[in-house]
file query.csv (CSV, C-alpha atoms)
chain,number,residue,atom,x,y,z
A,675,MET,CA,-6.4,38.8,57.8
A,676,ALA,CA,-5.9,41.5,55.2
A,677,ARG,CA,-8.4,44.1,54.3
A,678,ILE,CA,-9.1,44.1,50.6
A,679,ILE,CA,-9.7,47.5,49.0
A,680,VAL,CA,-10.9,47.9,45.4
A,681,VAL,CA,-10.2,51.2,43.6
A,682,THR,CA,-12.9,51.4,41.0
A,683,SER,CA,-14.9,53.9,38.9
A,684,GLY,CA,-16.4,52.4,35.8
A,685,LYS,CA,-15.2,55.2,33.6
A,686,GLY,CA,-11.6,55.4,32.5
A,687,GLY,CA,-9.2,58.2,33.0
A,688,VAL,CA,-10.6,59.4,36.3
A,689,GLY,CA,-7.6,58.6,38.4
A,690,LYS,CA,-7.9,55.0,39.6
A,691,THR,CA,-4.3,54.0,39.1
A,692,THR,CA,-3.0,57.3,40.5
A,693,THR,CA,-5.2,56.7,43.5
A,694,SER,CA,-4.2,53.0,43.9
A,695,ALA,CA,-0.6,53.9,43.9
A,696,ALA,CA,-1.1,56.8,46.3
A,697,ILE,CA,-3.1,55.0,48.9
A,698,ALA,CA,-1.1,51.8,48.7
A,699,MET,CA,2.1,53.9,49.3
A,700,GLY,CA,0.3,55.9,52.0
A,701,LEU,CA,-0.8,52.7,53.9
A,702,ALA,CA,2.6,51.2,53.6
A,703,LYS,CA,4.3,54.4,54.9
A,704,LYS,CA,2.0,54.1,57.9
A,705,GLY,CA,3.8,50.8,58.6
A,706,PHE,CA,1.1,48.4,57.3
A,707,LYS,CA,2.4,45.7,54.9
A,708,THR,CA,0.5,46.5,51.7
A,709,ALA,CA,0.2,44.8,48.4
A,710,VAL,CA,-1.1,46.6,45.3
A,711,ILE,CA,-2.4,44.6,42.4
A,712,ASP,CA,-2.9,45.7,38.8
A,713,PHE,CA,-6.0,44.1,37.4
A,714,ASP,CA,-5.8,45.8,34.1
A,715,VAL,CA,-4.6,42.7,32.1
A,716,GLY,CA,-3.3,43.7,28.7
A,717,LEU,CA,-2.9,47.3,29.7
A,718,ARG,CA,-0.4,47.3,32.6
A,719,ASN,CA,0.3,50.7,33.9
A,720,LEU,CA,0.5,50.6,37.7
A,721,ASP,CA,4.2,49.6,37.4
A,722,LEU,CA,4.9,52.9,35.5
A,723,ILE,CA,3.1,55.1,38.0
A,724,LEU,CA,5.0,53.4,40.8
A,725,GLY,CA,8.3,53.6,38.9
A,726,CYS,CA,9.1,49.9,38.9
A,727,GLU,CA,8.4,49.1,35.2
A,728,ARG,CA,11.9,47.9,34.6
A,729,ARG,CA,11.8,45.4,37.5
A,730,VAL,CA,8.8,43.4,36.2
A,731,VAL,CA,9.8,39.8,35.7
A,732,TYR,CA,6.7,37.8,36.5
A,733,ASP,CA,3.1,39.0,36.6
A,734,PHE,CA,-0.3,38.3,38.1
A,735,VAL,CA,-1.3,35.8,35.4
A,736,ASN,CA,2.0,33.9,35.8
A,737,VAL,CA,1.1,33.4,39.4
A,738,ILE,CA,-2.4,32.4,38.6
A,739,ASN,CA,-1.1,29.8,36.1
A,740,GLU,CA,1.5,28.7,38.6
A,741,GLU,CA,4.3,29.6,36.3
A,742,ALA,CA,5.8,31.7,39.1
A,743,THR,CA,5.4,31.9,42.9
A,744,LEU,CA,3.8,34.9,44.5
A,745,ASN,CA,7.2,35.9,46.0
A,746,GLN,CA,8.8,35.8,42.6
A,747,ALA,CA,6.2,38.1,41.1
A,748,LEU,CA,5.9,40.6,43.9
A,749,ILE,CA,8.1,43.7,43.4
A,750,LYS,CA,9.3,45.3,46.6
A,751,ASP,CA,9.2,49.0,46.5
A,752,LYS,CA,12.6,50.7,46.8
A,753,ARG,CA,11.3,53.7,48.8
A,754,CYS,CA,9.1,51.8,51.3
A,755,ASN,CA,9.9,48.3,52.4
A,756,GLN,CA,6.3,47.6,53.4
A,757,LEU,CA,4.9,48.1,49.8
A,758,PHE,CA,4.7,45.3,47.2
A,759,ILE,CA,3.5,45.5,43.7
A,760,LEU,CA,1.9,42.7,41.7
A,761,PRO,CA,1.9,43.8,38.1
A,762,ALA,CA,-0.7,42.9,35.5
A,763,SER,CA,0.1,40.7,32.6
A,764,GLN,CA,0.4,42.1,29.1
A,765,THR,CA,-1.3,39.2,27.6
A,766,ARG,CA,-4.2,39.8,25.2
A,767,ASP,CA,-6.0,36.8,26.5
A,768,LYS,CA,-9.2,38.2,28.1
A,769,ASP,CA,-9.8,35.0,30.1
A,770,ALA,CA,-6.4,35.0,31.7
A,771,LEU,CA,-7.9,36.0,35.1
A,772,THR,CA,-10.2,33.4,36.8
A,773,LYS,CA,-12.3,33.8,39.8
A,774,GLU,CA,-10.7,30.9,41.5
A,775,GLY,CA,-7.2,32.0,40.6
A,776,VAL,CA,-7.7,35.5,41.9
A,777,GLY,CA,-9.3,34.2,45.1
A,778,ARG,CA,-6.4,31.9,45.7
A,779,ILE,CA,-3.9,34.7,45.3
A,780,LEU,CA,-5.8,37.1,47.5
A,781,GLU,CA,-6.1,34.4,50.2
A,782,GLU,CA,-2.4,33.7,50.1
A,783,LEU,CA,-1.6,37.4,50.3
A,784,SER,CA,-4.0,37.8,53.2
A,785,LYS,CA,-1.8,35.6,55.3
A,786,THR,CA,1.0,38.1,55.5
A,787,PHE,CA,-0.4,41.4,54.3
A,788,LYS,CA,-2.5,44.0,56.2
A,789,TYR,CA,-3.9,45.7,53.1
A,790,ILE,CA,-4.4,44.6,49.6
A,791,VAL,CA,-5.3,47.3,47.1
A,792,CYS,CA,-6.9,46.2,43.8
A,793,ASP,CA,-6.5,48.6,41.0
A,794,SER,CA,-9.5,47.9,38.8
A,795,PRO,CA,-9.5,48.5,35.0
A,796,ALA,CA,-12.1,50.7,33.5
A,797,GLY,CA,-15.3,49.2,32.2
A,798,ILE,CA,-17.4,46.4,33.6
A,799,GLU,CA,-15.6,43.5,32.0
A,800,ARG,CA,-14.0,40.5,33.7
A,801,GLY,CA,-10.9,42.4,35.1
A,802,ALA,CA,-13.2,45.0,36.7
A,803,ASN,CA,-15.6,42.4,38.1
A,804,LEU,CA,-12.8,40.3,39.6
A,805,ALA,CA,-11.0,43.3,41.1
A,806,MET,CA,-14.1,44.1,43.1
A,807,TYR,CA,-15.4,40.6,43.7
A,808,TYR,CA,-13.5,39.8,46.9
A,809,ALA,CA,-13.4,43.4,48.2
A,810,ASP,CA,-14.1,44.5,51.7
A,811,ASP,CA,-14.0,48.2,50.9
A,812,ALA,CA,-14.5,50.1,47.6
A,813,PHE,CA,-12.9,53.4,46.8
A,814,VAL,CA,-15.1,54.9,44.1
A,815,VAL,CA,-13.1,57.4,42.2
A,816,THR,CA,-15.3,60.0,40.6
A,817,ASN,CA,-14.7,63.2,38.6
A,818,PRO,CA,-17.3,66.0,39.0
A,819,GLU,CA,-18.6,65.4,35.5
A,820,VAL,CA,-21.8,63.7,34.2
A,821,ALA,CA,-20.3,60.6,32.6
A,822,SER,CA,-18.1,59.8,35.5
A,823,VAL,CA,-20.9,60.2,38.1
A,824,ARG,CA,-23.3,58.0,36.0
A,825,ASP,CA,-20.7,55.3,35.7
A,826,SER,CA,-19.9,55.4,39.4
A,827,ASP,CA,-23.5,54.9,40.2
A,828,ARG,CA,-23.5,51.9,37.8
A,829,MET,CA,-20.5,50.5,39.6
A,830,LEU,CA,-22.3,50.9,43.0
A,831,GLY,CA,-25.1,48.7,41.6
A,832,ILE,CA,-22.6,46.1,40.6
A,833,LEU,CA,-20.7,46.3,44.0
A,834,SER,CA,-24.0,45.7,45.8
A,835,SER,CA,-25.1,42.8,43.7
A,836,LYS,CA,-22.1,40.9,42.1
A,837,SER,CA,-19.5,40.8,44.9
A,838,LYS,CA,-18.7,37.8,47.0
A,839,ARG,CA,-20.1,39.6,50.0
A,840,ALA,CA,-23.4,40.2,48.2
A,841,GLU,CA,-23.6,36.7,46.9
A,842,ASN,CA,-23.0,35.2,50.3
A,843,GLY,CA,-25.4,37.6,52.0
A,844,GLU,CA,-22.6,39.0,54.2
A,845,GLU,CA,-22.2,42.6,55.4
A,846,PRO,CA,-22.0,44.7,52.2
A,847,ILE,CA,-18.8,46.2,50.8
A,848,LYS,CA,-18.1,49.6,52.5
A,849,GLU,CA,-18.2,52.2,49.7
A,850,TYR,CA,-16.3,55.5,49.8
A,851,LEU,CA,-16.3,58.4,47.5
A,852,LEU,CA,-13.1,59.9,46.3
A,853,LEU,CA,-13.8,63.0,44.2
A,854,SER,CA,-10.9,63.7,42.0
A,855,ARG,CA,-9.8,66.5,39.6
A,856,TYR,CA,-11.9,68.9,41.6
A,857,ASP,CA,-11.6,72.6,40.7
A,858,PRO,CA,-13.2,74.8,43.4
A,859,LYS,CA,-12.9,77.8,41.2
A,860,ARG,CA,-15.1,76.3,38.4
A,861,VAL,CA,-17.5,75.0,41.0
A,862,LYS,CA,-17.9,78.6,42.3
A,863,LEU,CA,-18.6,79.8,38.8
A,864,GLY,CA,-21.3,77.2,38.4
A,865,GLU,CA,-19.3,75.3,35.7
A,866,MET,CA,-18.6,72.2,37.7
A,867,LEU,CA,-20.6,69.9,40.0
A,868,SER,CA,-19.9,70.6,43.6
A,869,VAL,CA,-19.0,68.0,46.3
A,870,GLU,CA,-22.5,68.4,47.6
A,871,ASP,CA,-24.0,67.8,44.2
A,872,VAL,CA,-22.1,64.6,43.7
A,873,GLN,CA,-23.0,63.4,47.2
A,874,ASP,CA,-26.6,64.2,46.6
A,875,ILE,CA,-26.7,62.0,43.6
A,876,LEU,CA,-24.5,59.1,44.8
A,877,SER,CA,-25.1,59.3,48.6
A,878,LEU,CA,-21.7,58.0,49.4
A,879,HIS,CA,-19.4,58.6,52.4
A,880,LEU,CA,-16.9,61.2,51.2
A,881,LEU,CA,-13.3,60.0,51.9
A,882,GLY,CA,-11.7,63.0,50.3
A,883,VAL,CA,-11.5,65.6,47.5
A,884,ILE,CA,-8.5,65.5,45.3
A,885,PRO,CA,-8.0,68.8,43.6
A,886,GLU,CA,-7.1,69.1,39.9
A,887,SER,CA,-3.3,69.4,40.2
A,888,LYS,CA,-0.3,69.7,38.1
A,889,SER,CA,1.6,67.6,40.6
A,890,VAL,CA,-0.3,64.4,39.4
A,891,LEU,CA,1.3,64.6,36.0
A,892,ASN,CA,4.7,65.5,37.4
A,893,ALA,CA,4.5,62.5,39.7
A,894,SER,CA,3.5,60.1,37.0
A,895,ASN,CA,6.2,61.5,34.7
A,896,SER,CA,8.8,60.5,37.3
A,897,GLY,CA,7.2,57.3,38.5
A,898,VAL,CA,6.7,58.6,42.1
A,899,PRO,CA,3.3,58.2,43.6
A,900,VAL,CA,1.9,61.7,44.2
A,901,ILE,CA,1.4,61.0,47.9
A,902,LEU,CA,5.2,61.2,48.3
A,903,ASP,CA,5.1,64.8,47.0
A,904,GLU,CA,4.0,66.1,50.4
A,905,THR,CA,4.2,69.7,49.4
A,906,SER,CA,1.6,69.3,46.7
A,907,ASP,CA,-2.1,69.7,47.2
A,908,ALA,CA,-2.9,66.4,45.6
A,909,GLY,CA,-0.2,64.7,47.8
A,910,GLN,CA,-1.7,66.2,50.9
A,911,SER,CA,-5.2,65.3,49.9
A,912,TYR,CA,-4.1,61.6,49.6
A,913,LEU,CA,-2.4,61.8,52.9
A,914,ASP,CA,-5.6,63.0,54.5
A,915,ILE,CA,-7.6,60.2,52.7
A,916,VAL,CA,-5.3,57.5,54.1
A,917,ASP,CA,-5.7,59.1,57.6
A,918,ARG,CA,-9.5,59.2,57.3
A,919,TYR,CA,-9.6,55.7,56.0
A,920,LEU,CA,-7.7,54.6,59.1
A,921,GLY,CA,-10.2,56.3,61.3
A,922,GLU,CA,-8.8,59.7,61.9
A,923,ASP,CA,-11.3,62.6,61.9
A,924,LYS,CA,-9.8,65.2,59.6
A,925,PRO,CA,-11.7,68.2,58.1
A,926,HIS,CA,-12.0,68.1,54.4
A,927,ARG,CA,-9.6,70.4,52.5
A,928,PHE,CA,-9.4,71.6,48.9
A,929,VAL,CA,-13.2,71.9,48.7
A,930,ASP,CA,-13.2,75.7,48.7
A,931,GLU,CA,-11.2,78.0,46.6
A,932,GLU,CA,-8.1,79.0,48.6
A,933,LYS,CA,-8.0,82.6,49.5
A,934,LYS,CA,-5.0,84.2,48.0
A,935,GLY,CA,-3.4,86.9,50.0
A,936,LEU,CA,-0.2,88.5,49.0
A,937,PHE,CA,1.8,85.7,50.4
A,938,GLY,CA,-0.4,83.1,48.8
A,939,ARG,CA,0.2,84.8,45.4
A,940,LEU,CA,3.9,85.0,45.9
A,941,PHE,CA,4.5,81.5,47.3
A,942,ARG,CA,1.8,79.5,45.7
A,943,SER,CA,2.9,76.0,45.3
A,944,LYS,CA,1.1,73.9,42.8
B,395,MET,CA,-24.8,98.0,37.3
B,396,SER,CA,-26.9,96.9,34.4
B,397,LEU,CA,-23.9,95.9,32.5
B,398,LEU,CA,-22.7,93.8,35.4
B,399,ASP,CA,-26.2,92.2,35.6
B,400,TYR,CA,-26.0,91.4,31.9
B,401,PHE,CA,-22.8,89.5,32.4
B,402,LYS,CA,-24.1,87.7,35.4
B,403,THR,CA,-27.3,86.5,33.9
B,404,THR,CA,-25.7,85.4,30.6
B,405,LYS,CA,-23.3,83.1,32.4
B,406,PRO,CA,-24.9,79.7,32.2
B,407,ASN,CA,-24.9,77.6,35.3
B,408,SER,CA,-24.1,74.4,33.5
B,409,ALA,CA,-23.4,72.5,36.8
B,410,LYS,CA,-27.0,73.0,37.9
B,411,LEU,CA,-28.2,71.5,34.6
B,412,ALA,CA,-25.7,68.6,35.0
B,413,LYS,CA,-27.1,67.8,38.4
B,414,GLU,CA,-30.7,67.9,37.2
B,415,ARG,CA,-29.9,65.6,34.3
B,416,LEU,CA,-28.0,63.2,36.5
B,417,GLN,CA,-30.7,63.0,39.2
B,418,ILE,CA,-33.3,62.0,36.6
B,419,LEU,CA,-31.0,59.6,34.9
B,420,VAL,CA,-29.7,57.9,38.0
B,421,ALA,CA,-33.1,57.6,39.5
B,422,HIS,CA,-34.3,55.9,36.3
B,423,GLU,CA,-31.4,53.6,36.1
B,424,ARG,CA,-31.6,52.6,39.7
B,425,SER,CA,-35.2,51.6,39.4
B,426,ALA,CA,-34.4,49.6,36.3
B,427,ARG,CA,-31.6,47.9,38.2
B,428,ASN,CA,-34.0,46.6,40.9
B,429,GLN,CA,-36.5,45.2,38.5
B,430,PRO,CA,-36.8,41.5,38.0
B,431,SER,CA,-35.0,40.3,35.0
B,432,TYR,CA,-38.1,38.7,33.4
B,433,LEU,CA,-39.8,42.1,33.0
B,434,PRO,CA,-38.8,42.9,29.4
B,435,GLU,CA,-39.9,39.4,28.3
B,436,LEU,CA,-43.1,39.7,30.2
B,437,GLN,CA,-43.8,43.0,28.5
B,438,GLN,CA,-43.2,41.4,25.1
B,439,GLU,CA,-45.4,38.5,25.7
B,440,LEU,CA,-48.2,40.6,27.1
B,441,LEU,CA,-48.0,42.8,24.1
B,442,LYS,CA,-48.4,39.8,21.8
B,443,VAL,CA,-51.4,38.6,23.6
B,444,ILE,CA,-53.1,42.0,23.5
B,445,GLN,CA,-52.3,42.4,19.9
B,446,LYS,CA,-54.2,39.3,19.1
B,447,TYR,CA,-57.3,41.1,20.1
B,448,ILE,CA,-56.6,44.8,19.8
B,449,GLN,CA,-54.5,46.8,17.4
B,450,VAL,CA,-52.0,48.5,19.8
B,451,ASP,CA,-48.6,49.9,19.3
B,452,GLN,CA,-45.4,48.7,21.0
B,453,ASP,CA,-45.4,51.8,23.2
B,454,ALA,CA,-49.1,51.5,24.1
B,455,ILE,CA,-48.2,49.2,26.9
B,456,SER,CA,-46.1,50.0,29.9
B,457,VAL,CA,-45.0,47.7,32.7
B,458,ASN,CA,-43.8,49.3,35.9
B,459,PHE,CA,-42.3,47.4,38.8
B,460,GLU,CA,-42.0,49.1,42.1
B,461,SER,CA,-40.9,47.7,45.4
B,462,ASP,CA,-40.6,49.0,48.9
B,463,ASP,CA,-39.9,47.2,52.2
B,464,GLU,CA,-43.6,46.1,52.5
B,465,GLN,CA,-44.5,44.9,49.0
B,466,GLU,CA,-43.8,44.7,45.4
B,467,THR,CA,-46.1,46.1,42.8
B,468,LEU,CA,-46.4,45.3,39.2
B,469,GLU,CA,-48.3,48.0,37.4
B,470,LEU,CA,-49.6,47.2,33.9
B,471,ASN,CA,-50.9,50.1,31.8
B,472,ILE,CA,-52.4,49.6,28.3
B,473,VAL,CA,-53.5,52.6,26.3
B,474,LEU,CA,-56.3,51.6,23.9
B,475,PRO,CA,-56.6,53.3,20.6
B,476,GLU,CA,-59.5,55.7,20.2
B,477,GLN,CA,-61.6,53.4,18.1
B,478,ALA,CA,-60.8,50.0,19.5
B,479,GLN,CA,-61.4,47.4,16.8
B,480,THR,CA,-62.4,44.1,18.3
call {"tool": "encode", "arguments": {"input": "query.csv", "output": "structure tokens"}}
result
Amino acid sequence: MARIIVVTSGKGGVGKTTTSAAIAMGLAKKGFKTAVIDFDVGLRNLDLILGCERRVVYDFVNVINEEATLNQALIKDKRCNQLFILPASQTRDKDALTKEGVGRILEELSKTFKYIVCDSPAGIERGANLAMYYADDAFVVTNPEVASVRDSDRMLGILSSKSKRAENGEEPIKEYLLLSRYDPKRVKLGEMLSVEDVQDILSLHLLGVIPESKSVLNASNSGVPVILDETSDAGQSYLDIVDRYLGEDKPHRFVDEEKKGLFGRLFRSK
Amino acid sequence: MSLLDYFKTTKPNSAKLAKERLQILVAHERSARNQPSYLPELQQELLKVIQKYIQVDQDAISVNFESDDEQETLELNIVLPEQAQT
């Protein structure tokens, strides 16, 4: 049986796809067979972030409509043989995803995969609802900013009422907070909500803090998930997040401003 | 010293403001989330009934729904105009 993780946020642009790509790669690198699915029908982008955009032949909707088999549509990552990508369709048909279709595919994937990461689109439309419907765990990606925190809270409400687990009265989805684009310097200046502030409001289990980092854009520019840039702060933060998710007890990093000594100033890697 | 203080006090702590605004908003939205879906309709119908007898404004009536583990409470509050015309 696979564990289904939804990466969600409500608000757009907070780092869902970056996170999906990173944690899927992280889990796969740990040796777990992992599938990552792009639920953003019409606005496919996960393929770009993972650098496999030129290898897309069939997509999620093709498989749902039985125009292709799952094996035909899954793209095997070239860097890690345990990672498979199911790209979103570029169709403009909003009803292309169906609850039954998505359920069928997740069930089929569950037979051979250990983890299934569902990259949710922004908003609370069909794609977002279906991405979280079958989930066991939810990674709520939040920026330390009012609109993002509010939308995350909104998503928490939906997770606890409109998921399969909620409808069947099963154990609720496990919800985790991933605070991204965090800038400890601005927090210290009182210009940005702190980790504690966001936790006070959302009362979620913190899985990790991802610092605002230049390495994220560099990674997406080159189609390499940022977790593979192990020298970068964001990459290390995602490595920690995967470890914590898998049960390791690791102290949180990137929460406080790093103290810059002479060496730090000279060899600062960002 | 006084110059330093000046700079310190004029720096706005916008994060604190953000947190306060969010706490109020989120609490409000969460309570609305747990309300039964018939509540707005109930409020409208009650208003109509009351308006048959008393001239009250739309905002003169408030319906609050609260629930804890023990019980659910429906609180109805009608503010009558100063000279109620019956």
call {"tool": "closest_residue", "arguments": {"input": "query.csv", "among": "A:Glu844, A:Asp874, A:Asp930, A:Asp714", "to": "chain B", "atoms": "only C-alpha atoms"}}
result
A:Asp874
call {"tool": "interface_residues", "arguments": {"input": "query.csv", "of": "chain B", "to": "chain A", "cutoff": "10 Å", "atoms": "all atoms listed in the file", "output": "list in words"}}
result
Lys405, Pro406, Asn407, Ser408, Ala409, Lys410, Leu411, Ala412, Lys413, Glu414, Arg415, Leu416, Gln417, Ile418, Leu419, Val420, Ala421, Glu423, Arg424, Arg427 and Asn428 of chain B
call {"tool": "closest_residue", "arguments": {"input": "query.csv", "among": "A:Ser794, A:Ser834, A:Ser854, A:Thr765", "to": "Val815 in chain A", "atoms": "only C-alpha atoms"}}
result
A:Ser854
call {"tool": "closest_residue", "arguments": {"input": "query.csv", "among": "A:Gly797, A:Gly775, A:Pro846, A:Pro925", "to": "Gly686 in chain A", "atoms": "all atoms listed in the file"}}
result
A:Gly797
call {"tool": "residues_near_point", "arguments": {"input": "query.csv", "point": "(3.2, 61.3, 44.9)", "cutoff": "12 Å", "atoms": "only C-alpha atoms", "output": "number ranges by chain"}}
result
A: 691-700, 723-725, 753, 887-913
call {"tool": "atom_distance", "arguments": {"input": "query.csv", "atom1": "CA of Phe713 in chain A", "atom2": "CA of Asp857 in chain A"}}
result
29.2 Å
call {"tool": "residues_around", "arguments": {"input": "query.csv", "residues": "range 800-805 of chain A", "least_positions_apart": "2", "cutoff": "10 Å", "atoms": "all atoms listed in the file", "output": "JSON, numbers by chain"}}
result
{"A": [678, 679, 680, 681, 682, 683, 684, 711, 712, 713, 714, 715, 768, 769, 770, 771, 772, 773, 774, 776, 777, 791, 792, 793, 794, 795, 796, 797, 798, 807, 808, 809, 829, 832, 833, 836, 837, 838]}
call {"tool": "residues_around", "arguments": {"input": "query.csv", "residues": "range 472-474 of chain B", "least_positions_apart": "6", "cutoff": "8 Å", "atoms": "all atoms listed in the file", "output": "list of chain:residue names"}}
result
B:Ile448, B:Val450, B:Ala454, B:Ile455, B:Ser456
call {"tool": "atom_distance", "arguments": {"input": "query.csv", "atom1": "CA of Arg766 in chain A", "atom2": "CA of Asn739 in chain A"}}
result
15.1 Å
call {"tool": "closest_residue", "arguments": {"input": "query.csv", "among": "A:Ile749, A:Ile884, A:Ala812, A:Leu757", "to": "Lys704 in chain A", "atoms": "all atoms listed in the file"}}
result
A:Leu757
call {"tool": "atom_distance", "arguments": {"input": "query.csv", "atom1": "CA of Pro761 in chain A", "atom2": "CA of Phe734 in chain A"}}
result
5.9 Å
call {"tool": "residues_around", "arguments": {"input": "query.csv", "residues": "Val457 in chain B", "least_positions_apart": "4", "cutoff": "10 Å", "atoms": "all atoms listed in the file", "output": "list in words"}}
result
Leu433, Pro434, Leu436, Gln437, Leu440, Leu468, Glu469, Leu470, Asn471 and Ile472 of chain B
